[in-house]
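What follows is the content of protein-v8.pdb, which has PDB, C-alpha atoms:
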ATOM      1  CA  MET A   1      -1.948 -64.879 -25.184
ATOM      2  CA  ALA A   2      -5.233 -66.630 -24.758
ATOM      3  CA  MET A   3      -6.465 -64.730 -27.769
ATOM      4  CA  GLN A   4      -3.715 -65.909 -30.004
ATOM      5  CA  VAL A   5      -4.376 -69.516 -29.159
ATOM      6  CA  GLY A   6      -7.839 -69.291 -30.680
ATOM      7  CA  GLY A   7      -8.886 -68.259 -34.175
ATOM      8  CA  SER A   8      -5.631 -68.927 -35.959
ATOM      9  CA  GLY A   9      -5.680 -67.090 -39.274
ATOM     10  CA  GLU A  10      -8.912 -65.258 -38.381
ATOM     11  CA  LEU A  11      -8.897 -61.521 -37.822
ATOM     12  CA  ASN A  12      -8.844 -60.368 -34.217
ATOM     13  CA  SER A  13     -11.777 -58.018 -33.655
ATOM     14  CA  GLU A  14     -10.844 -56.982 -30.099
ATOM     15  CA  ILE A  15      -9.660 -53.449 -29.453
ATOM     16  CA  ASN A  16      -6.450 -53.244 -27.527
ATOM     17  CA  VAL A  17      -7.441 -50.882 -24.726
ATOM     18  CA  THR A  18      -4.257 -51.035 -22.696
ATOM     19  CA  PRO A  19      -2.620 -47.880 -24.160
ATOM     20  CA  MET A  20      -5.863 -45.971 -23.735
ATOM     21  CA  VAL A  21      -6.131 -47.005 -20.117
ATOM     22  CA  ASP A  22      -2.536 -45.928 -19.599
ATOM     23  CA  VAL A  23      -3.214 -42.485 -21.010
ATOM     24  CA  MET A  24      -6.432 -42.128 -18.985
ATOM     25  CA  LEU A  25      -4.684 -43.103 -15.784
ATOM     26  CA  VAL A  26      -1.889 -40.627 -16.338
ATOM     27  CA  LEU A  27      -4.351 -37.814 -17.159
ATOM     28  CA  LEU A  28      -6.403 -38.705 -14.114
ATOM     29  CA  ILE A  29      -3.394 -38.616 -11.837
ATOM     30  CA  ILE A  30      -2.250 -35.292 -13.305
ATOM     31  CA  PHE A  31      -5.653 -33.706 -12.672
ATOM     32  CA  MET A  32      -5.851 -35.184  -9.181
ATOM     33  CA  ILE A  33      -2.508 -33.660  -8.285
ATOM     34  CA  VAL A  34      -3.022 -30.312  -9.964
ATOM     35  CA  THR A  35      -6.519 -29.602  -8.618
ATOM     36  CA  PRO A  36      -5.661 -29.104  -4.934
ATOM     37  CA  LEU A  37      -2.564 -27.110  -5.846
ATOM     38  CA  LEU A  38      -4.602 -24.580  -7.792
ATOM     39  CA  GLN A  39      -6.878 -23.806  -4.893
ATOM     40  CA  SER A  40      -4.781 -21.589  -2.720
ATOM     41  CA  GLY A  41      -6.160 -19.825   0.293
ATOM     42  CA  VAL A  42      -9.535 -20.147   1.913
ATOM     43  CA  SER A  43     -12.641 -20.853  -0.060
ATOM     44  CA  VAL A  44     -14.851 -17.865  -0.689
ATOM     45  CA  ASN A  45     -18.293 -17.602  -2.206
ATOM     46  CA  LEU A  46     -17.161 -15.396  -5.076
ATOM     47  CA  PRO A  47     -19.507 -13.413  -7.290
ATOM     48  CA  ARG A  48     -20.219 -15.660 -10.235
ATOM     49  CA  ASP A  49     -21.446 -15.336 -13.787
ATOM     50  CA  MET A  50     -20.004 -11.884 -14.319
ATOM     51  CA  ILE A  51     -19.954 -10.687 -17.895
ATOM     52  CA  SER A  52     -16.897  -8.558 -18.159
ATOM     53  CA  PRO A  53     -14.063  -9.110 -15.676
ATOM     54  CA  ASP A  54     -10.558  -9.194 -17.145
ATOM     55  CA  GLU A  55      -8.592 -12.366 -16.912
ATOM     56  CA  ASP A  56      -5.558 -11.977 -14.756
ATOM     57  CA  ALA A  57      -3.242 -14.915 -14.278
ATOM     58  CA  ASP A  58      -1.353 -13.006 -11.591
ATOM     59  CA  ILE A  59      -4.076 -13.703  -9.063
ATOM     60  CA  ALA A  60      -2.952 -17.279  -8.726
ATOM     61  CA  LYS A  61       0.706 -16.371  -8.311
ATOM     62  CA  ASP A  62       2.341 -16.831  -4.937
ATOM     63  CA  THR A  63       3.775 -13.357  -4.906
ATOM     64  CA  SER A  64       0.512 -11.490  -5.332
ATOM     65  CA  VAL A  65      -1.400 -10.283  -2.315
ATOM     66  CA  VAL A  66      -4.934 -11.608  -2.105
ATOM     67  CA  ILE A  67      -7.135 -10.607   0.778
ATOM     68  CA  ALA A  68      -9.964 -13.065   1.289
ATOM     69  CA  ILE A  69     -13.099 -12.020   3.142
ATOM     70  CA  PRO A  70     -15.257 -15.149   3.429
ATOM     71  CA  ASP A  71     -17.658 -13.665   5.977
ATOM     72  CA  ASN A  72     -18.287 -10.529   7.957
ATOM     73  CA  SER A  73     -15.765 -11.241  10.700
ATOM     74  CA  ASN A  74     -12.545 -12.490   9.143
ATOM     75  CA  PHE A  75      -9.775 -11.329   6.868
ATOM     76  CA  TYR A  76      -7.373 -13.829   5.379
ATOM     77  CA  ILE A  77      -4.212 -13.409   3.377
ATOM     78  CA  GLY A  78      -3.404 -16.789   1.905
ATOM     79  CA  LYS A  79      -4.453 -19.266   4.546
ATOM     80  CA  GLU A  80      -3.534 -17.067   7.506
ATOM     81  CA  GLN A  81      -6.117 -15.080   9.373
ATOM     82  CA  TYR A  82      -5.193 -11.531  10.323
ATOM     83  CA  PRO A  83      -6.968  -8.874  12.378
ATOM     84  CA  LEU A  84      -7.813  -5.729  10.450
ATOM     85  CA  ASP A  85      -5.086  -3.617  12.042
ATOM     86  CA  ALA A  86      -2.393  -6.154  11.182
ATOM     87  CA  LEU A  87      -3.335  -6.318   7.499
ATOM     88  CA  GLY A  88      -1.509  -3.105   6.648
ATOM     89  CA  ASP A  89       1.863  -4.363   7.818
ATOM     90  CA  VAL A  90       1.498  -7.658   6.008
ATOM     91  CA  ILE A  91       0.555  -5.902   2.772
ATOM     92  CA  LYS A  92       3.442  -3.482   3.149
ATOM     93  CA  ARG A  93       5.923  -6.270   3.694
ATOM     94  CA  ARG A  94       4.687  -8.270   0.735
ATOM     95  CA  MET A  95       4.604  -5.255  -1.567
ATOM     96  CA  GLU A  96       8.230  -4.384  -0.934
ATOM     97  CA  GLY A  97      10.335  -4.314  -4.054
ATOM     98  CA  LYS A  98       7.451  -4.376  -6.477
ATOM     99  CA  THR A  99       7.291  -1.917  -9.324
ATOM    100  CA  PRO A 100       4.483   0.663  -9.054
ATOM    101  CA  GLU A 101       2.398  -0.885 -11.819
ATOM    102  CA  LYS A 102       2.592  -4.263 -10.100
ATOM    103  CA  ARG A 103       1.347  -2.839  -6.828
ATOM    104  CA  ILE A 104      -2.142  -4.196  -6.858
ATOM    105  CA  VAL A 105      -3.972  -5.926  -4.043
ATOM    106  CA  TYR A 106      -6.656  -8.445  -4.902
ATOM    107  CA  ILE A 107      -9.804  -8.715  -2.860
ATOM    108  CA  LYS A 108     -11.696 -11.961  -2.811
ATOM    109  CA  SER A 109     -14.880 -11.259  -0.990
ATOM    110  CA  GLY A 110     -17.973 -13.370  -0.526
ATOM    111  CA  ILE A 111     -21.152 -12.013  -2.053
ATOM    112  CA  ASP A 112     -22.963 -11.908   1.292
ATOM    113  CA  VAL A 113     -20.307  -9.825   2.978
ATOM    114  CA  ASP A 114     -21.319  -6.259   3.804
ATOM    115  CA  TYR A 115     -19.708  -3.701   1.543
ATOM    116  CA  GLY A 116     -18.558  -1.893   4.680
ATOM    117  CA  ARG A 117     -16.161  -4.757   5.516
ATOM    118  CA  VAL A 118     -14.706  -4.573   2.030
ATOM    119  CA  VAL A 119     -14.338  -0.827   2.435
ATOM    120  CA  GLN A 120     -12.425  -1.370   5.673
ATOM    121  CA  ALA A 121     -10.013  -3.622   3.832
ATOM    122  CA  ILE A 122      -9.649  -1.104   1.003
ATOM    123  CA  GLU A 123      -8.991   1.671   3.503
ATOM    124  CA  THR A 124      -6.148  -0.358   4.973
ATOM    125  CA  ILE A 125      -4.782  -1.011   1.513
ATOM    126  CA  ARG A 126      -4.721   2.598   0.450
ATOM    127  CA  LYS A 127      -2.933   3.613   3.639
ATOM    128  CA  GLN A 128      -0.024   1.687   2.112
ATOM    129  CA  ASP A 129      -0.060   4.058  -0.883
ATOM    130  CA  ILE A 130      -1.640   1.514  -3.171
ATOM    131  CA  ASP A 131      -4.391   2.872  -5.378
ATOM    132  CA  LYS A 132      -5.175  -0.181  -7.469
ATOM    133  CA  ILE A 133      -7.277  -3.037  -6.271
ATOM    134  CA  GLY A 134      -8.557  -6.083  -8.080
ATOM    135  CA  LEU A 135     -11.973  -7.401  -7.199
ATOM    136  CA  VAL A 136     -11.860 -11.100  -7.935
ATOM    137  CA  ALA A 137     -14.950 -12.474  -9.648
ATOM    138  CA  ASP A 138     -15.761 -15.519 -11.714
ATOM    139  CA  LYS A 139     -16.533 -15.005 -15.325
ATOM    140  CA  LYS A 140     -19.637 -16.474 -16.866
ATOM    141  CA  LYS A 141     -18.716 -19.580 -18.770
ATOM    142  CA  GLY A 142     -18.401 -19.201 -22.503
ATOM    143  CA  THR A 143     -18.470 -15.434 -22.761
ATOM    144  CA  THR A 144     -15.763 -13.242 -24.106
ATOM    145  CA  PRO A 145     -15.429  -9.735 -22.738
ATOM    146  CA  PRO A 146     -16.116  -6.898 -25.164
ATOM    147  CA  LYS A 147     -13.119  -5.159 -26.587
ATOM    148  CA  THR A 148     -12.754  -1.778 -24.991
TER     149      THR A 148
ATOM    150  CA  MET B   1     -15.422 -65.619 -29.443
ATOM    151  CA  ALA B   2     -11.868 -65.995 -30.400
ATOM    152  CA  MET B   3     -11.128 -66.584 -26.754
ATOM    153  CA  SER B   4     -13.612 -69.349 -26.147
ATOM    154  CA  THR B   5     -12.369 -71.363 -29.098
ATOM    155  CA  GLY B   6      -8.934 -71.432 -27.521
ATOM    156  CA  SER B   7      -7.813 -73.322 -24.396
ATOM    157  CA  THR B   8     -10.723 -75.675 -23.949
ATOM    158  CA  GLY B   9     -11.390 -76.426 -20.298
ATOM    159  CA  GLY B  10      -8.642 -74.136 -19.017
ATOM    160  CA  ALA B  11      -9.484 -70.793 -17.359
ATOM    161  CA  VAL B  12      -9.140 -67.771 -19.600
ATOM    162  CA  PRO B  13      -6.668 -65.318 -18.017
ATOM    163  CA  ASN B  14      -8.228 -62.199 -19.446
ATOM    164  CA  ILE B  15      -9.392 -59.210 -17.403
ATOM    165  CA  ASN B  16     -12.536 -57.434 -18.463
ATOM    166  CA  VAL B  17     -11.332 -53.838 -18.476
ATOM    167  CA  THR B  18     -14.508 -52.151 -19.694
ATOM    168  CA  PRO B  19     -15.926 -51.238 -16.220
ATOM    169  CA  LEU B  20     -12.478 -50.022 -15.213
ATOM    170  CA  ILE B  21     -12.354 -47.696 -18.200
ATOM    171  CA  ASP B  22     -15.877 -46.469 -17.466
ATOM    172  CA  VAL B  23     -14.953 -45.539 -13.917
ATOM    173  CA  LEU B  24     -11.691 -43.928 -15.024
ATOM    174  CA  LEU B  25     -13.403 -41.846 -17.675
ATOM    175  CA  VAL B  26     -16.003 -40.581 -15.254
ATOM    176  CA  LEU B  27     -13.368 -39.701 -12.672
ATOM    177  CA  LEU B  28     -11.330 -37.963 -15.345
ATOM    178  CA  ILE B  29     -14.296 -35.905 -16.471
ATOM    179  CA  ILE B  30     -15.143 -34.965 -12.882
ATOM    180  CA  PHE B  31     -11.642 -33.696 -12.226
ATOM    181  CA  MET B  32     -11.498 -31.826 -15.512
ATOM    182  CA  ALA B  33     -14.748 -30.068 -14.665
ATOM    183  CA  ILE B  34     -13.638 -29.186 -11.152
ATOM    184  CA  THR B  35     -10.370 -27.649 -12.275
ATOM    185  CA  PRO B  36     -11.070 -23.961 -11.854
ATOM    186  CA  LEU B  37     -11.327 -21.581 -14.733
ATOM    187  CA  LYS B  38      -8.798 -18.897 -15.315
ATOM    188  CA  PRO B  39      -9.093 -16.377 -12.504
ATOM    189  CA  SER B  40     -10.454 -13.002 -13.450
ATOM    190  CA  ARG B  41     -10.986  -9.710 -11.682
ATOM    191  CA  PHE B  42     -12.334  -6.183 -11.934
ATOM    192  CA  GLU B  43      -9.759  -3.520 -11.531
ATOM    193  CA  ALA B  44     -10.864  -0.603  -9.423
ATOM    194  CA  LYS B  45      -9.131   2.516  -8.278
ATOM    195  CA  VAL B  46      -9.370   4.023  -4.861
ATOM    196  CA  PRO B  47      -8.580   7.661  -4.246
ATOM    197  CA  ALA B  48      -5.450   8.330  -2.253
ATOM    198  CA  GLU B  49      -5.985   9.242   1.348
ATOM    199  CA  PRO B  50      -6.898  12.902   1.703
ATOM    200  CA  LYS B  51      -3.939  14.939   2.849
ATOM    201  CA  ASP B  52      -4.241  17.871   5.213
ATOM    202  CA  GLN B  53      -5.033  20.403   2.563
ATOM    203  CA  GLN B  54      -8.224  21.979   3.730
ATOM    204  CA  ASN B  55      -8.599  24.853   1.314
ATOM    205  CA  VAL B  56      -7.870  23.304  -2.000
ATOM    206  CA  ASN B  57     -10.213  24.509  -4.671
ATOM    207  CA  VAL B  58     -11.286  21.455  -6.562
ATOM    208  CA  LYS B  59     -13.152  22.219  -9.713
ATOM    209  CA  PRO B  60     -16.055  19.804 -10.026
ATOM    210  CA  ASN B  61     -15.762  17.836 -13.216
ATOM    211  CA  PRO B  62     -18.984  18.090 -15.246
ATOM    212  CA  LEU B  63     -18.253  14.750 -16.912
ATOM    213  CA  THR B  64     -18.118  12.785 -13.700
ATOM    214  CA  LEU B  65     -20.466   9.829 -13.547
ATOM    215  CA  VAL B  66     -21.433   8.714 -10.084
ATOM    216  CA  ILE B  67     -23.392   5.520  -9.619
ATOM    217  CA  ALA B  68     -25.011   5.320  -6.210
ATOM    218  CA  ILE B  69     -26.917   2.484  -4.610
ATOM    219  CA  ASN B  70     -29.798   3.204  -2.275
ATOM    220  CA  LYS B  71     -29.496   1.522   1.101
ATOM    221  CA  ASP B  72     -33.120   0.475   1.552
ATOM    222  CA  THR B  73     -34.663   0.200  -1.871
ATOM    223  CA  LYS B  74     -31.454  -1.042  -3.570
ATOM    224  CA  GLN B  75     -32.180   1.392  -6.374
ATOM    225  CA  ILE B  76     -29.364   2.482  -8.614
ATOM    226  CA  THR B  77     -28.959   6.110  -9.475
ATOM    227  CA  LEU B  78     -26.626   7.568 -12.050
ATOM    228  CA  ASN B  79     -25.904  11.201 -11.252
ATOM    229  CA  ASN B  80     -29.062  11.192  -9.113
ATOM    230  CA  GLU B  81     -31.332   9.860 -11.830
ATOM    231  CA  PRO B  82     -32.832   6.435 -11.129
ATOM    232  CA  TYR B  83     -31.884   3.564 -13.407
ATOM    233  CA  GLY B  84     -33.416   0.351 -12.113
ATOM    234  CA  ASP B  85     -32.151  -1.551  -9.104
ATOM    235  CA  VAL B  86     -29.447  -4.078  -8.278
ATOM    236  CA  THR B  87     -31.489  -7.038  -9.485
ATOM    237  CA  ASP B  88     -31.684  -5.529 -12.951
ATOM    238  CA  THR B  89     -28.697  -3.556 -14.119
ATOM    239  CA  GLU B  90     -29.799  -3.598 -17.734
ATOM    240  CA  LYS B  91     -31.082  -0.005 -17.723
ATOM    241  CA  LEU B  92     -27.907   1.347 -16.228
ATOM    242  CA  ASN B  93     -25.851  -0.594 -18.706
ATOM    243  CA  THR B  94     -27.835   0.728 -21.670
ATOM    244  CA  LYS B  95     -27.623   4.311 -20.420
ATOM    245  CA  LEU B  96     -23.862   4.072 -19.916
ATOM    246  CA  HIS B  97     -23.480   2.628 -23.403
ATOM    247  CA  GLU B  98     -25.411   5.614 -24.727
ATOM    248  CA  ILE B  99     -23.336   8.122 -22.795
ATOM    249  CA  PHE B 100     -20.030   6.637 -23.878
ATOM    250  CA  LYS B 101     -21.125   6.360 -27.482
ATOM    251  CA  ASP B 102     -22.199   9.976 -27.388
ATOM    252  CA  ARG B 103     -18.865  10.995 -25.935
ATOM    253  CA  THR B 104     -16.959   9.004 -28.524
ATOM    254  CA  ASP B 105     -18.923  10.619 -31.343
ATOM    255  CA  ASN B 106     -18.437  14.094 -29.977
ATOM    256  CA  GLY B 107     -14.855  13.570 -28.921
ATOM    257  CA  VAL B 108     -15.247  14.361 -25.258
ATOM    258  CA  PHE B 109     -11.795  13.891 -23.833
ATOM    259  CA  ARG B 110     -10.468  13.607 -20.348
ATOM    260  CA  GLU B 111      -8.858  16.833 -19.362
ATOM    261  CA  GLY B 112      -5.301  17.081 -20.614
ATOM    262  CA  THR B 113      -5.346  13.803 -22.542
ATOM    263  CA  ASN B 114      -6.844  12.514 -25.733
ATOM    264  CA  GLU B 115      -8.690   9.607 -24.217
ATOM    265  CA  ILE B 116     -12.445   9.557 -24.020
ATOM    266  CA  GLU B 117     -13.595  10.318 -20.506
ATOM    267  CA  LYS B 118     -15.051   7.083 -19.202
ATOM    268  CA  THR B 119     -14.423   7.413 -15.512
ATOM    269  CA  VAL B 120     -17.179   6.092 -13.296
ATOM    270  CA  PHE B 121     -17.389   6.344  -9.542
ATOM    271  CA  ILE B 122     -19.338   3.916  -7.458
ATOM    272  CA  LYS B 123     -20.776   4.881  -4.139
ATOM    273  CA  SER B 124     -22.550   2.371  -1.986
ATOM    274  CA  PRO B 125     -23.685   2.345   1.635
ATOM    275  CA  LYS B 126     -21.777   0.016   3.927
ATOM    276  CA  SER B 127     -24.665  -2.317   4.629
ATOM    277  CA  VAL B 128     -25.201  -3.279   1.002
ATOM    278  CA  HIS B 129     -24.002  -6.784   0.158
ATOM    279  CA  TYR B 130     -20.756  -6.985  -1.740
ATOM    280  CA  GLY B 131     -22.391  -9.173  -4.373
ATOM    281  CA  ASP B 132     -24.786  -6.372  -5.325
ATOM    282  CA  VAL B 133     -21.960  -3.869  -5.626
ATOM    283  CA  VAL B 134     -20.049  -6.231  -7.886
ATOM    284  CA  LYS B 135     -23.118  -6.611 -10.101
ATOM    285  CA  VAL B 136     -23.159  -2.852 -10.595
ATOM    286  CA  ILE B 137     -19.426  -2.832 -11.297
ATOM    287  CA  ASP B 138     -19.977  -5.592 -13.843
ATOM    288  CA  ALA B 139     -22.649  -3.564 -15.617
ATOM    289  CA  ALA B 140     -20.439  -0.481 -15.701
ATOM    290  CA  LYS B 141     -17.427  -2.428 -16.884
ATOM    291  CA  GLU B 142     -19.426  -4.093 -19.625
ATOM    292  CA  ALA B 143     -20.450  -0.663 -20.897
ATOM    293  CA  GLY B 144     -16.786   0.179 -21.187
ATOM    294  CA  ALA B 145     -16.217   2.282 -18.084
ATOM    295  CA  SER B 146     -12.565   2.634 -17.197
ATOM    296  CA  PRO B 147     -11.233   3.425 -14.683
ATOM    297  CA  ILE B 148     -13.845   2.507 -12.111
ATOM    298  CA  GLY B 149     -13.384   4.325  -8.850
ATOM    299  CA  LEU B 150     -14.758   3.216  -5.518
ATOM    300  CA  GLN B 151     -15.725   5.887  -3.078
ATOM    301  CA  ILE B 152     -14.395   5.005   0.333
ATOM    302  CA  ASP B 153     -14.847   8.063   2.514
ATOM    303  CA  ASP B 154     -18.042   9.322   4.054
ATOM    304  CA  LEU B 155     -20.182   6.373   3.179
ATOM    305  CA  GLN B 156     -23.575   5.901   4.762
ATOM    306  CA  ASP B 157     -24.106   2.943   7.027
TER     307      ASP B 157
END

If you convert what's in this file into structure tokens, what do you get?
Amino acid sequence: MAMQVGGSGELNSEINVTPMVDVMLVLLIIFMIVTPLLQSGVSVNLPRDMISPDEDADIAKDTSVVIAIPDNSNFYIGKEQYPLDALGDVIKRRMEGKTPEKRIVYIKSGIDVDYGRVVQAIETIRKQDIDKIGLVADKKKGTTPPKT
Amino acid sequence: MAMSTGSTGGAVPNINVTPLIDVLLVLLIIFMAITPLKPSRFEAKVPAEPKDQQNVNVKPNPLTLVIAINKDTKQITLNNEPYGDVTDTEKLNTKLHEIFKDRTDNGVFREGTNEIEKTVFIKSPKSVHYGDVVKVIDAAKEAGASPIGLQIDDLQD
């Protein structure tokens, strides 16, 4: 309004930023909402900068079983903490009705955790007749895995 | 410019949005960077629990590759030959590349199938940090090893 009062006939050299701000705001809000939703479970100091892990979108799914081992004393499935001897039952329950090729348990372990703790978790997993495990690791940015 | 020529004396009802956009852009970039990458994982196999079959004659497979990590020195051995340590998996990776290339050229197949035998077993003492084990798995995977098996029974402390 104030702009139109001035320079009648002259060209208006101001950029109309309102639509841009609208788009920015919407994008910002989308990212703000989506970010916390993507981080499910406890935070774990995952192995980073790995060259060749396979991408697997299933890890983030609600139905998949992810055992998190943030330190040497705790096991988590989702956000719940379980003692080692209770893990088996939980895994069994959550694996019910899955096809054999979908029966995979993911392990999210911190890099400082002793391998022995991971082995304990794996032992529990294989007692449930599951022979596939996925070791979750972060891929190095900007690398593509070699075709095998 | 155009604004100041207009409404002389009266206040100009125009908001300066530039700082607002600056802040918004920065926030947007921060959130975009934080948003995690696609999750990825190494697939590993674990042997089924041993059943009570004491006297089964298992023929040792001459093609088996066992990578072991030394508890104290963190040295890596492949079938008992040393190939660097966990801080530098390059040697192991190169050797595995060589072995698999050799097998591909000579057509060394897994028994009963026509796939190249690329099975690798990883054996690590329990006190080794998980991060080091994953580094070794990464090196093996990069060389094309599949499946990767983790030895679970009878591990050293």

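Distance check against A:Lys61 using only C-alpha atoms: of B:Glu90, B:Val120, B:Pro39, B:Gly84, the minimum falls on B:Pro39.
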
Please provide the set of residues having any atom within 8 Å of B:Ala145, restricted to only C-alpha atoms, with same-chain residues fewer than 3 positions apart removed, written as a list of chain:residue names.
B:Lys118, B:Thr119, B:Val120, B:Ala140, B:Lys141, B:Glu142, B:Ile148

Print the selection's residues with C-alpha atoms to a file, as an mmCIF file, in the coordinates of the input.
data_model
loop_
_atom_site.group_PDB
_atom_site.id
_atom_site.type_symbol
_atom_site.label_atom_id
_atom_site.label_comp_id
_atom_site.auth_asym_id
_atom_site.auth_seq_id
_atom_site.Cartn_x
_atom_site.Cartn_y
_atom_site.Cartn_z
ATOM 1 C CA LYS B 118 -15.051 7.083 -19.202
ATOM 2 C CA THR B 119 -14.423 7.413 -15.512
ATOM 3 C CA VAL B 120 -17.179 6.092 -13.296
ATOM 4 C CA ALA B 140 -20.439 -0.481 -15.701
ATOM 5 C CA LYS B 141 -17.427 -2.428 -16.884
ATOM 6 C CA GLU B 142 -19.426 -4.093 -19.625
ATOM 7 C CA ILE B 148 -13.845 2.507 -12.111
#

Run the PyMOL selection byres ((chain B) within 8 of (chain A)) mentally over the shown coordinates, then write out the matched residues as a PDB file with C-alpha atoms, keeping the file's coordinate frame, using the chain letters and numbers from the document.
ATOM      1  CA  ALA B   2     -11.868 -65.995 -30.400  1.00  0.00           C
ATOM      2  CA  MET B   3     -11.128 -66.584 -26.754  1.00  0.00           C
ATOM      3  CA  SER B   4     -13.612 -69.349 -26.147  1.00  0.00           C
ATOM      4  CA  THR B   5     -12.369 -71.363 -29.098  1.00  0.00           C
ATOM      5  CA  GLY B   6      -8.934 -71.432 -27.521  1.00  0.00           C
ATOM      6  CA  SER B   7      -7.813 -73.322 -24.396  1.00  0.00           C
ATOM      7  CA  VAL B  12      -9.140 -67.771 -19.600  1.00  0.00           C
ATOM      8  CA  PRO B  13      -6.668 -65.318 -18.017  1.00  0.00           C
ATOM      9  CA  ASN B  14      -8.228 -62.199 -19.446  1.00  0.00           C
ATOM     10  CA  VAL B  17     -11.332 -53.838 -18.476  1.00  0.00           C
ATOM     11  CA  ILE B  21     -12.354 -47.696 -18.200  1.00  0.00           C
ATOM     12  CA  LEU B  24     -11.691 -43.928 -15.024  1.00  0.00           C
ATOM     13  CA  LEU B  25     -13.403 -41.846 -17.675  1.00  0.00           C
ATOM     14  CA  LEU B  27     -13.368 -39.701 -12.672  1.00  0.00           C
ATOM     15  CA  LEU B  28     -11.330 -37.963 -15.345  1.00  0.00           C
ATOM     16  CA  PHE B  31     -11.642 -33.696 -12.226  1.00  0.00           C
ATOM     17  CA  MET B  32     -11.498 -31.826 -15.512  1.00  0.00           C
ATOM     18  CA  ILE B  34     -13.638 -29.186 -11.152  1.00  0.00           C
ATOM     19  CA  THR B  35     -10.370 -27.649 -12.275  1.00  0.00           C
ATOM     20  CA  PRO B  36     -11.070 -23.961 -11.854  1.00  0.00           C
ATOM     21  CA  LYS B  38      -8.798 -18.897 -15.315  1.00  0.00           C
ATOM     22  CA  PRO B  39      -9.093 -16.377 -12.504  1.00  0.00           C
ATOM     23  CA  SER B  40     -10.454 -13.002 -13.450  1.00  0.00           C
ATOM     24  CA  ARG B  41     -10.986  -9.710 -11.682  1.00  0.00           C
ATOM     25  CA  PHE B  42     -12.334  -6.183 -11.934  1.00  0.00           C
ATOM     26  CA  GLU B  43      -9.759  -3.520 -11.531  1.00  0.00           C
ATOM     27  CA  ALA B  44     -10.864  -0.603  -9.423  1.00  0.00           C
ATOM     28  CA  LYS B  45      -9.131   2.516  -8.278  1.00  0.00           C
ATOM     29  CA  VAL B  46      -9.370   4.023  -4.861  1.00  0.00           C
ATOM     30  CA  PRO B  47      -8.580   7.661  -4.246  1.00  0.00           C
ATOM     31  CA  ALA B  48      -5.450   8.330  -2.253  1.00  0.00           C
ATOM     32  CA  GLU B  49      -5.985   9.242   1.348  1.00  0.00           C
ATOM     33  CA  SER B 124     -22.550   2.371  -1.986  1.00  0.00           C
ATOM     34  CA  PRO B 125     -23.685   2.345   1.635  1.00  0.00           C
ATOM     35  CA  LYS B 126     -21.777   0.016   3.927  1.00  0.00           C
ATOM     36  CA  SER B 127     -24.665  -2.317   4.629  1.00  0.00           C
ATOM     37  CA  VAL B 128     -25.201  -3.279   1.002  1.00  0.00           C
ATOM     38  CA  HIS B 129     -24.002  -6.784   0.158  1.00  0.00           C
ATOM     39  CA  TYR B 130     -20.756  -6.985  -1.740  1.00  0.00           C
ATOM     40  CA  GLY B 131     -22.391  -9.173  -4.373  1.00  0.00           C
ATOM     41  CA  ASP B 132     -24.786  -6.372  -5.325  1.00  0.00           C
ATOM     42  CA  VAL B 133     -21.960  -3.869  -5.626  1.00  0.00           C
ATOM     43  CA  VAL B 134     -20.049  -6.231  -7.886  1.00  0.00           C
ATOM     44  CA  LYS B 135     -23.118  -6.611 -10.101  1.00  0.00           C
ATOM     45  CA  ASP B 138     -19.977  -5.592 -13.843  1.00  0.00           C
ATOM     46  CA  ALA B 139     -22.649  -3.564 -15.617  1.00  0.00           C
ATOM     47  CA  LYS B 141     -17.427  -2.428 -16.884  1.00  0.00           C
ATOM     48  CA  GLU B 142     -19.426  -4.093 -19.625  1.00  0.00           C
ATOM     49  CA  GLY B 144     -16.786   0.179 -21.187  1.00  0.00           C
ATOM     50  CA  ILE B 152     -14.395   5.005   0.333  1.00  0.00           C
ATOM     51  CA  ASP B 157     -24.106   2.943   7.027  1.00  0.00           C
TER      52      ASP B 157
END

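Atom pair atom CA of B:Leu63 / atom CA of B:Glu115: separated by 13.1 Å.
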
How far is it from atom CA of B:Asn79 to atom CA of B:Arg110, in Å with one decimal?
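It comes out at 18.1 Å.
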